[in-house]
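Peer 1: I'd like to ask you about the structure that follows.
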Amino acid sequence: QAHRGQAPKMQRAGYEEVDPPSNRWPKSVKFIMLNEICERFSYYGLRAILALYLVDFLLFSEDTSTVIVHAFTMAAYSSSLLGGYLSDSILGKYKTILYVSLIYVLGSTVLAVTAIPGVTTVGDQETHWWGVAVGLGLVALGTGGIKPVVSTFVGDQFGPSQAHLLPTIFHMFYFCINLGAFASMLMNPIIRTQLSYSVAFGLPAFLLLVATLIFFLGRNKYSMRPPTGSVVYTSLDMIRLGIAGRCRTFLSRFSNSVAYHPTATWLDPALKKYPKQMVDDLRAALSVLTVFIPIPLFWALYDQSASRWIFQARNMDRHIWGYELESDQIPAISPLLVLLFVPLFDRGIYKLLARCGCPPRPLQ
């Protein structure tokens, strides 16, 4: 019990005890941020040179290379579902990130080693696709497996008295992602041309190993929450109960054998099994799904920057201020703009809008 005249301290399992409100950042955050910079350097550095590697080294056509690049991207995002399930239901966030990162390191190493001329020789064929198939498969599993977990793990490090710091930390998290991406998109194409594809794949593999080591070193400072069950499974079950309840309501109008229990909303039948807050959260999430309808169209176009746009850039004049950019350096403009705009909006425009009495809402 707090003494009279003193603010009560807030404490939550896994968090440091601090007086509210606290502007102190958890010590564990720096490990996660450094890990994210190195990991994003690895992923985007690999992806930057992948299309040209498939054409120049493995002698695939541009069309086949485009298919492979986008199949790899699709596999990486699809495996996020597996990573989320492991994190929520079995291993927890820390173990999921650590274990899946080891798979990620293995895949990057396979790509680097098999990019050495002669390593994948099969019969009379000097270069064979088996190395890139195994390597990309493991990388897709690794990067996708940790993708949905790291950002939520950052949020777990903040206690109730530090909740006001979350918008800033996620802006910084996004800044770190693009810092790693920008650095790798500039450096790896140069390494590819000046040294070799093997070295260009080897640097991301090495930094990914460093990222995993950095993450491991912070193990005693993390706030870790035990797995509580898959959010996806729970949400689908609530939707199932809601649809089943609506069907029973509909059938009751035509049959006396089915009891008629009208509900205010179609998800209300889920309240018999799940807490009201959980049902309300799902209802809120479903209500904003329409905002995400155009997103697949955006990503379908944006991800061409890793394939078709690189091939197109080969035929363009890439001289800027007397320096000729590599075709696979052109996509670096995207993370560069993010690096410029994140501090501009976070420290400038958003604060100005708040002072004018119209702070932007999350969806805005």
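Naming scheme: A, B, ... for chains in displayed order of the structure tokens; residues 1 onward per chain; ligands 1 onward as shown.
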As a list in words, please: the residues near Val210 in chain A (cut-off 10 Å, only C-alpha atoms, same-chain neighbours under 5 positions excluded).
Peer 2: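 Once the adjacent positions are removed, what remains is Leu34, Asn35, Cys38, Glu39, Val105, Pro204, Ala205, Phe215 and Phe216 of chain A.
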Peer 1: Can you pull out the residues contacting range 51-56 of chain A? Cut-off 9 Å, using only C-alpha atoms, and skip same-chain residues under 3 positions away; I want them as a ChimeraX atom specification.
Peer 2: /A:47-48,59-62,64-66,68-69,115,129,132,197,306-308,310-311,328
Peer 1: For the selection you just gave me, I'd like the residues written to a file as a short mmCIF file (atom, residue, chain, number, x, y, z; two decimals), in the first residue's frame, keeping N, CA, C and O atoms.
Peer 2:
data_model
loop_
_atom_site.label_atom_id
_atom_site.label_comp_id
_atom_site.auth_asym_id
_atom_site.auth_seq_id
_atom_site.Cartn_x
_atom_site.Cartn_y
_atom_site.Cartn_z
N ARG A 47 17.60 -10.08 -51.03
CA ARG A 47 16.56 -9.90 -52.04
C ARG A 47 17.00 -8.93 -53.14
O ARG A 47 16.56 -9.05 -54.29
N ALA A 48 17.86 -7.96 -52.79
CA ALA A 48 18.28 -6.96 -53.77
C ALA A 48 19.01 -7.58 -54.95
O ALA A 48 18.84 -7.15 -56.09
N LEU A 59 21.57 -18.64 -64.86
CA LEU A 59 21.18 -18.60 -66.27
C LEU A 59 19.69 -18.86 -66.50
O LEU A 59 19.30 -19.42 -67.54
N PHE A 60 18.86 -18.48 -65.55
CA PHE A 60 17.42 -18.51 -65.77
C PHE A 60 17.02 -17.33 -66.66
O PHE A 60 17.72 -16.31 -66.73
N SER A 61 15.88 -17.45 -67.30
CA SER A 61 15.34 -16.32 -68.06
C SER A 61 14.78 -15.29 -67.09
O SER A 61 14.54 -15.58 -65.90
N GLU A 62 14.55 -14.07 -67.59
CA GLU A 62 13.98 -13.03 -66.73
C GLU A 62 12.59 -13.42 -66.25
O GLU A 62 12.21 -13.12 -65.11
N THR A 64 11.39 -16.51 -65.73
CA THR A 64 11.51 -17.55 -64.70
C THR A 64 12.05 -16.95 -63.41
O THR A 64 11.58 -17.30 -62.30
N SER A 65 13.01 -16.05 -63.53
CA SER A 65 13.56 -15.41 -62.34
C SER A 65 12.50 -14.60 -61.61
O SER A 65 12.45 -14.60 -60.37
N THR A 66 11.66 -13.92 -62.35
CA THR A 66 10.58 -13.15 -61.72
C THR A 66 9.64 -14.06 -60.95
O THR A 66 9.23 -13.75 -59.82
N ILE A 68 10.37 -16.97 -59.60
CA ILE A 68 11.06 -17.47 -58.42
C ILE A 68 11.11 -16.41 -57.32
O ILE A 68 10.87 -16.70 -56.14
N VAL A 69 11.44 -15.16 -57.70
CA VAL A 69 11.50 -14.08 -56.71
C VAL A 69 10.17 -13.90 -56.01
O VAL A 69 10.09 -13.77 -54.77
N ALA A 115 26.67 -20.32 -53.92
CA ALA A 115 26.96 -19.31 -54.94
C ALA A 115 28.43 -19.33 -55.35
O ALA A 115 28.83 -18.59 -56.26
N TRP A 129 20.33 -25.47 -59.74
CA TRP A 129 19.37 -24.68 -58.95
C TRP A 129 19.11 -25.25 -57.56
O TRP A 129 18.41 -24.62 -56.76
N VAL A 132 19.95 -22.79 -54.56
CA VAL A 132 19.06 -21.65 -54.36
C VAL A 132 17.69 -22.13 -53.88
O VAL A 132 17.02 -21.44 -53.11
N TYR A 197 29.06 -12.97 -56.12
CA TYR A 197 27.75 -13.24 -55.52
C TYR A 197 27.88 -13.97 -54.19
O TYR A 197 27.10 -13.76 -53.27
N ALA A 306 11.67 -5.75 -56.83
CA ALA A 306 12.71 -6.76 -56.61
C ALA A 306 12.91 -7.64 -57.83
O ALA A 306 13.78 -8.53 -57.80
N SER A 307 12.15 -7.41 -58.91
CA SER A 307 12.26 -8.28 -60.08
C SER A 307 12.21 -7.47 -61.37
O SER A 307 13.24 -7.06 -61.90
N ARG A 308 11.01 -7.22 -61.87
CA ARG A 308 10.85 -6.57 -63.16
C ARG A 308 11.52 -5.20 -63.23
O ARG A 308 12.10 -4.82 -64.24
N ILE A 310 14.10 -4.14 -61.65
CA ILE A 310 15.56 -4.27 -61.72
C ILE A 310 16.00 -4.60 -63.15
O ILE A 310 16.97 -4.04 -63.66
N PHE A 311 15.26 -5.50 -63.79
CA PHE A 311 15.58 -5.82 -65.18
C PHE A 311 15.38 -4.60 -66.08
O PHE A 311 16.15 -4.35 -67.00
N ASP A 328 20.31 -2.85 -59.38
CA ASP A 328 19.68 -3.35 -58.17
C ASP A 328 19.87 -2.41 -56.97
O ASP A 328 19.48 -2.75 -55.85
#
Peer 1: Report as a list in words all protein, DNA and RNA residues lying within 12 Å of Ile349 in chain A, evaluated on only C-alpha atoms, omitting residues in the same chain fewer than 6 positions from it.
Peer 2: Phe341, Val342, Pro343, Arg355, Cys356, Cys358, Pro359 and Pro360 of chain A
Peer 1: Go ahead and write the residues just picked, C-alpha atoms, as a PDB file, in the first residue's frame.
Peer 2:
ATOM      1  CA  PHE A 341       9.837  10.936 -43.501  1.00  0.00           C
ATOM      2  CA  VAL A 342       9.641   9.006 -40.205  1.00  0.00           C
ATOM      3  CA  PRO A 343      11.415  11.698 -38.112  1.00  0.00           C
ATOM      4  CA  ARG A 355      -0.747  21.408 -30.863  1.00  0.00           C
ATOM      5  CA  CYS A 356      -3.409  22.606 -33.294  1.00  0.00           C
ATOM      6  CA  CYS A 358      -6.310  17.762 -34.277  1.00  0.00           C
ATOM      7  CA  PRO A 359      -3.932  14.866 -33.495  1.00  0.00           C
ATOM      8  CA  PRO A 360      -4.109  12.156 -36.178  1.00  0.00           C
TER       9      PRO A 360
END
Peer 1: Which residue is closest to Ser79 in chain A? Choose from A:Leu58, A:Met33, A:Leu289, A:Val149 and count only C-alpha atoms.
Peer 2: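 The shortest atom-to-atom distance to Ser79 in chain A comes from A:Val149.
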Peer 1: Between CA of Glu324 in chain A and CA of His70 in chain A, what is the distance in Å, rounded to a tenth?
Peer 2: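 These two atoms are separated by 27.3 Å.
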Peer 1: Using Å and a single decimal, report how far CA of Ile37 in chain A sits from CA of Met187 in chain A.
Peer 2: 14.4 Å
Peer 1: Please provide the set of residues having any atom within 12 Å of Arg225 in chain A, restricted to only C-alpha atoms, with same-chain residues fewer than 3 positions apart removed, written as JSON, numbers by chain.
Peer 2: {"A": [12, 13, 14, 15, 87, 88, 89, 90, 91, 92, 93, 94, 95, 152, 153, 154, 155, 156, 157, 158, 222, 228, 229]}
Peer 1: Return the single residue from A:Pro296, A:Pro331, A:Gly45, A:Pro189 that is closest to Ala313 in chain A, with distances computed using only C-alpha atoms.
Peer 2: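 Selected residue with least distance to Ala313 in chain A: A:Pro331.
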Peer 1: Mind listing the alpha helix (DSSP H) residues of range 32-132 of chain A, per DSSP on the backbone, as a PyMOL selection string?
Peer 2: chain A and resi 32-56+62-78+80-85+93-114+130-132
Peer 1: Contacts of Ala140 in chain A at 7 Å or less, counting only C-alpha atoms, minus same-chain residues fewer than 6 places along, as a ChimeraX atom specification?
Peer 2: /A:72,75-76
Peer 1: Separation of CA of Leu82 in chain A and CA of Lys27 in chain A, in Å?
Peer 2: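 So the answer is 28.9 Å.
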Peer 1: Neighbours of Ile243 in chain A within 9 Å (only C-alpha atoms; same-chain residues fewer than 3 positions away dropped), as a list in words?
Peer 2: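 Listed by chain and then number, they are Met238, Ile239, Arg240, Arg246, Cys247, Arg248, Trp266, Leu267 and Pro269 of chain A.
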Peer 1: Keeping N, CA, C and O atoms for every residue in the selection just given, could you write it to a file as a CSV table (one decimal), in the first residue's frame?
Peer 2:
chain,number,residue,atom,x,y,z
A,238,MET,N,-14.5,-17.8,-32.7
A,238,MET,CA,-15.6,-16.8,-32.4
A,238,MET,C,-16.5,-16.5,-33.6
A,238,MET,O,-17.7,-16.4,-33.5
A,239,ILE,N,-15.8,-16.4,-34.8
A,239,ILE,CA,-16.6,-16.2,-36.0
A,239,ILE,C,-17.5,-17.4,-36.3
A,239,ILE,O,-18.6,-17.3,-36.7
A,240,ARG,N,-17.0,-18.6,-36.1
A,240,ARG,CA,-17.8,-19.8,-36.3
A,240,ARG,C,-19.0,-19.8,-35.4
A,240,ARG,O,-20.1,-20.1,-35.8
A,246,ARG,N,-26.2,-17.2,-35.9
A,246,ARG,CA,-27.1,-16.5,-36.8
A,246,ARG,C,-27.9,-17.5,-37.7
A,246,ARG,O,-29.0,-17.2,-38.0
A,247,CYS,N,-27.3,-18.6,-38.0
A,247,CYS,CA,-28.0,-19.7,-38.7
A,247,CYS,C,-29.1,-20.2,-37.9
A,247,CYS,O,-30.2,-20.5,-38.4
A,248,ARG,N,-28.9,-20.5,-36.6
A,248,ARG,CA,-30.0,-21.0,-35.7
A,248,ARG,C,-31.1,-20.0,-35.6
A,248,ARG,O,-32.3,-20.3,-35.6
A,266,TRP,N,-24.2,-10.2,-34.5
A,266,TRP,CA,-24.1,-11.6,-35.0
A,266,TRP,C,-23.0,-12.3,-34.2
A,266,TRP,O,-22.9,-13.5,-34.1
A,267,LEU,N,-22.0,-11.6,-33.5
A,267,LEU,CA,-21.0,-12.2,-32.8
A,267,LEU,C,-21.4,-12.5,-31.3
A,267,LEU,O,-20.6,-13.1,-30.6
A,269,PRO,N,-23.3,-14.7,-29.9
A,269,PRO,CA,-23.3,-16.1,-29.4
A,269,PRO,C,-21.9,-16.5,-28.9
A,269,PRO,O,-21.8,-17.4,-28.1
Peer 1: Tell me which of A:Ser223, A:Asn315, A:Asn178, A:Ser287 sits closest to Leu339 in chain A, counting only C-alpha atoms.
Peer 2: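 Selected residue with least distance to Leu339 in chain A: A:Asn178.
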Peer 1: Of the candidates A:Met172, A:Met185, A:Leu179, A:Leu213, which shows the shortest atom-to-atom distance to Arg347 in chain A, using only C-alpha atoms?
Peer 2: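 Closest to Arg347 in chain A of all the choices is A:Met172.
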